[in-house]
Amino acid sequence: MSAWPIPTEPVVTPAALPPQPAPAKVKVLHVITRFWAGAGGNTLLSATGMDPDRYEVWVAGCPGGPLWDRAEAAGVRTVQVRRFSETLSPVDDLYVLVQLVRLIRAERFTVVHTHSAKGGFLGRIAAWLCRVPVIVHTFHGFSFHDFMGPLRRRAYLALERLVRPMTDGFLAVSPRVAREAVETRLAGPGRVGVVPSAVELDQIPSRPDPAVRAELGIPASAPVVGTVGRVDQQKSPLDFVRMAAAVARRRPDARFVMVGAGPLEDEVRAEAARLGVEVLLTGYRPDAPRIGASFDVFVISSLYEGLGRALTEALASGRPVVATAVNGVPDLVVPGATGLLAPARDPDALAEGVAWLLDHPEEGRRMGAQGRAGVLAVFSPVRMCHLIDQAYCRLLGLPAPAAPTVDLTRVGEPAPAAPTVDLTRVGEPAPAAPTVDLTRVGEPAPAGELGLGGPAPVVELTA
């Protein structure tokens with residue numbers, strides 16, 4: 001990071017001075033495929049949370065979703081690019097690339113920051129063609145996974161590696177996602193900085209709302225096992241149903257809830273009927289965090305998941321979690337500390353974890369409290385934007401921004417007391433009062449700067 005004196009306090013107010021030229025802002029364009037769901041919510045917070053006196057922020061992506069209006073209301077410039085979609089379509093993708101090149105050339109951005117697979121590929125090529133000074137990519141997850149065909153997986157990897165040399169800085173939403181990016185050669189060693197994907201902590205209740213059970217028709221005494229997320233192939237909702245059937249045989253009093261909508265809803269209902277288990281599908285709920293906060297056990301059955309917004313919100317609400325051990329999930333779900341893990345596509349293992357937590361409610365409560373303490377310490381929008389600001393400043397040679405002074409352990413009310421949790425280690429006890437370097441993978445870094453090939457800040461996860 002650039003070494004430069006901190007500006008001194010002004011002697012007089014700006015209003016008392018002769019007219020002064022406004023300082024030039026850093027112009028940033030975020031390019032994302034779907035401006036909704038987890039990566040979309042992260043990008044919205046990234047765009048709206050930057051200092052408006054220093055940054056002018058734009059977002060470009062495929063049309064649709066509820067976040068465009070929120071971004072515009074917050075002063076973010078938006079461009080919904082026609083024919084931009086997740087699916088591979090050479091003709092449409094070439095059209096989108098041309099539109100992005102035209103936009104970047106017209107607006108002369110200093111930073112292009114890309115997100116997701118398609119947005120990352122097309123956005124980085126467009127920025128490189130336009131000779132944008134700084135190109136940054138965030139790994140929210142990966143376009144490839146173990147449950148796709150080998151030829152398709154190799155093709156996706158080849159496309160991701162093609163744009164690696166065009167990228168000046170890499171960010172990842174968790175340490176294991178960063179590690180996977182390095183191991184699959186999507187980024188070079190020491191080149192990935194970890195920036196936890198923030199959630200709006202003040203929007204997440206810390207205690208169950210008693211009215212939720214009445215709304216859903218669930219008895220007050222029944223244990224509730226639930227999940228929140230899109231009902232699609234990635235989330236593996238049929239494994240949730242099979243887990244529910246296995247748990248119901250051991251705990252007939254348990255109730256099962258799925259919050260979300262998606263293309264597999266009919267298959268979920270059919271599988272539940274076949275197995276003779278009742279699963280309540282609520283469909284899309286704008287108050288999903290409120291519903292999730294009423295679960296006794298929160299389940300993530302995903303086949304692949306960068307980190308998962310629903311997972312972060314579940315821990316922020318103090319829920320014990322049983323989740324599949326995929327991608328960045330084990331960075332948050334530490335067995336015996338914040339929840340339990342199971343292999344992907346193993347509903348019986350999920351059922352074992354759920355049944356154990358139902359049989360050990362006090363241990364589950366303590367795990368939920370520790371998960372909440374860890375999330376409140378790390379996943380605030382203020383902290384995330386500060387780390388992104390550090391990344392931009394480092395790449396541009398600017399002085400480091402002042403550290404935020406917000407108390408990140410109190411959001412609306414005192415956080416539950418909990419011992420220090422090292423969210424980067426699984427299966428072994430953490431040393432007393434650990435510090436966790438959230439910005440580097442593979443080697444320790446000195447305190448002070450973000451690890452994009454250089455020093456990085458140390459964040460203490462203390463309750």
# chains A, B, ... in the order shown; residues from 1 in each chain; ligands from 1
$ residues_around --residues "range 338-342 of chain A" --least-positions-apart "3" --cutoff "9 Å" --atoms "only C-alpha atoms" --output "ChimeraX atom specification"
/A:301,315,319-325,329-330,332-335,345-350,352-354,357,364,366-372,421
$ select_by_dssp --residues "range 62-179 of chain A" --states "strand (DSSP E)" --output "count of residues only"
20
$ residues_around --residues "range 135-146 of chain A" --least-positions-apart "5" --cutoff "6 Å" --atoms "only C-alpha atoms" --output "MDAnalysis selection string"
chainID A and resid 111:115 117 153 167:173 306
$ closest_residue --among "A:Ile291, A:Cys393, A:Ala344, A:Leu186" --to "Thr227 in chain A" --atoms "only C-alpha atoms"
A:Ile291
$ residues_around --residues "Ala211 in chain A" --least-positions-apart "6" --cutoff "10 Å" --atoms "only C-alpha atoms" --output "PyMOL selection string"
chain A and resi 217+220+291+294
$ write_last_selection --atoms "C-alpha atoms" --output "short mmCIF file (atom, residue, chain, number, x, y, z; two decimals), in the first residue's frame"
data_model
loop_
_atom_site.label_atom_id
_atom_site.label_comp_id
_atom_site.auth_asym_id
_atom_site.auth_seq_id
_atom_site.Cartn_x
_atom_site.Cartn_y
_atom_site.Cartn_z
CA GLY A 217 -49.40 -24.04 11.04
CA ALA A 220 -45.23 -24.47 19.24
CA ILE A 291 -38.68 -17.59 8.77
CA SER A 294 -37.43 -19.85 13.67
#
$ atom_distance --atom1 "CA of Ser380 in chain A" --atom2 "CA of Val79 in chain A"
26.7 Å
$ residues_around --residues "Ile125 in chain A" --least-positions-apart "5" --cutoff "10 Å" --atoms "only C-alpha atoms" --output "ChimeraX atom specification"
/A:97,100-101,119-120,130-131,135,162-163,166-167
$ residues_around --residues "range 384-388 of chain A" --least-positions-apart "4" --cutoff "7 Å" --atoms "only C-alpha atoms" --output "ChimeraX atom specification"
/A:46,49-50,195-198,379-380,392,450
$ write_last_selection --atoms "C-alpha atoms" --output "compact mmCIF listing (two decimals), in the first residue's frame"
# COMPACT_ATOMS: atom_id res chain seq x y z
CA SER A 46 -20.18 -3.50 -2.51
CA GLY A 49 -21.16 0.94 0.49
CA MET A 50 -18.21 2.69 -1.14
CA VAL A 195 -13.10 -10.47 1.42
CA PRO A 196 -15.99 -12.07 3.35
CA SER A 197 -19.30 -11.68 1.53
CA ALA A 198 -21.28 -9.33 3.75
CA PHE A 379 -19.46 -10.20 7.75
CA SER A 380 -20.47 -6.56 8.14
CA TYR A 392 -8.52 -0.77 -5.11
CA LEU A 450 -4.73 -6.37 1.70
$ atom_distance --atom1 "CA of Arg365 in chain A" --atom2 "CA of Asp296 in chain A"
8.8 Å
$ select_by_dssp --residues "range 114-307 of chain A" --states "alpha helix (DSSP H)" --output "ChimeraX atom specification"
/A:117-129,150-162,175-183,210-216,237-250,265-275,288-292
$ atom_distance --atom1 "CA of Glu313 in chain A" --atom2 "CA of Glu160 in chain A"
29.3 Å
$ residues_around --residues "Ala24 in chain A" --least-positions-apart "5" --cutoff "10 Å" --atoms "only C-alpha atoms" --output "PyMOL selection string"
chain A and resi 53-56
$ write_last_selection --atoms "N, CA and C atoms" --output "mmCIF file, in the first residue's frame"
data_model
loop_
_atom_site.group_PDB
_atom_site.id
_atom_site.type_symbol
_atom_site.label_atom_id
_atom_site.label_comp_id
_atom_site.auth_asym_id
_atom_site.auth_seq_id
_atom_site.Cartn_x
_atom_site.Cartn_y
_atom_site.Cartn_z
ATOM 1 N N ASP A 53 -17.796 10.176 -1.946
ATOM 2 C CA ASP A 53 -16.913 11.305 -2.205
ATOM 3 C C ASP A 53 -15.666 10.892 -2.973
ATOM 4 N N ARG A 54 -15.372 9.569 -2.987
ATOM 5 C CA ARG A 54 -14.158 9.090 -3.646
ATOM 6 C C ARG A 54 -14.435 8.159 -4.816
ATOM 7 N N TYR A 55 -15.635 7.579 -4.860
ATOM 8 C CA TYR A 55 -15.947 6.608 -5.904
ATOM 9 C C TYR A 55 -17.241 6.961 -6.625
ATOM 10 N N GLU A 56 -17.229 6.749 -7.927
ATOM 11 C CA GLU A 56 -18.457 6.752 -8.735
ATOM 12 C C GLU A 56 -18.653 5.317 -9.210
#
$ closest_residue --among "A:Ala37, A:Ala261, A:Ile218, A:Val194" --to "Ala181 in chain A" --atoms "only C-alpha atoms"
A:Val194
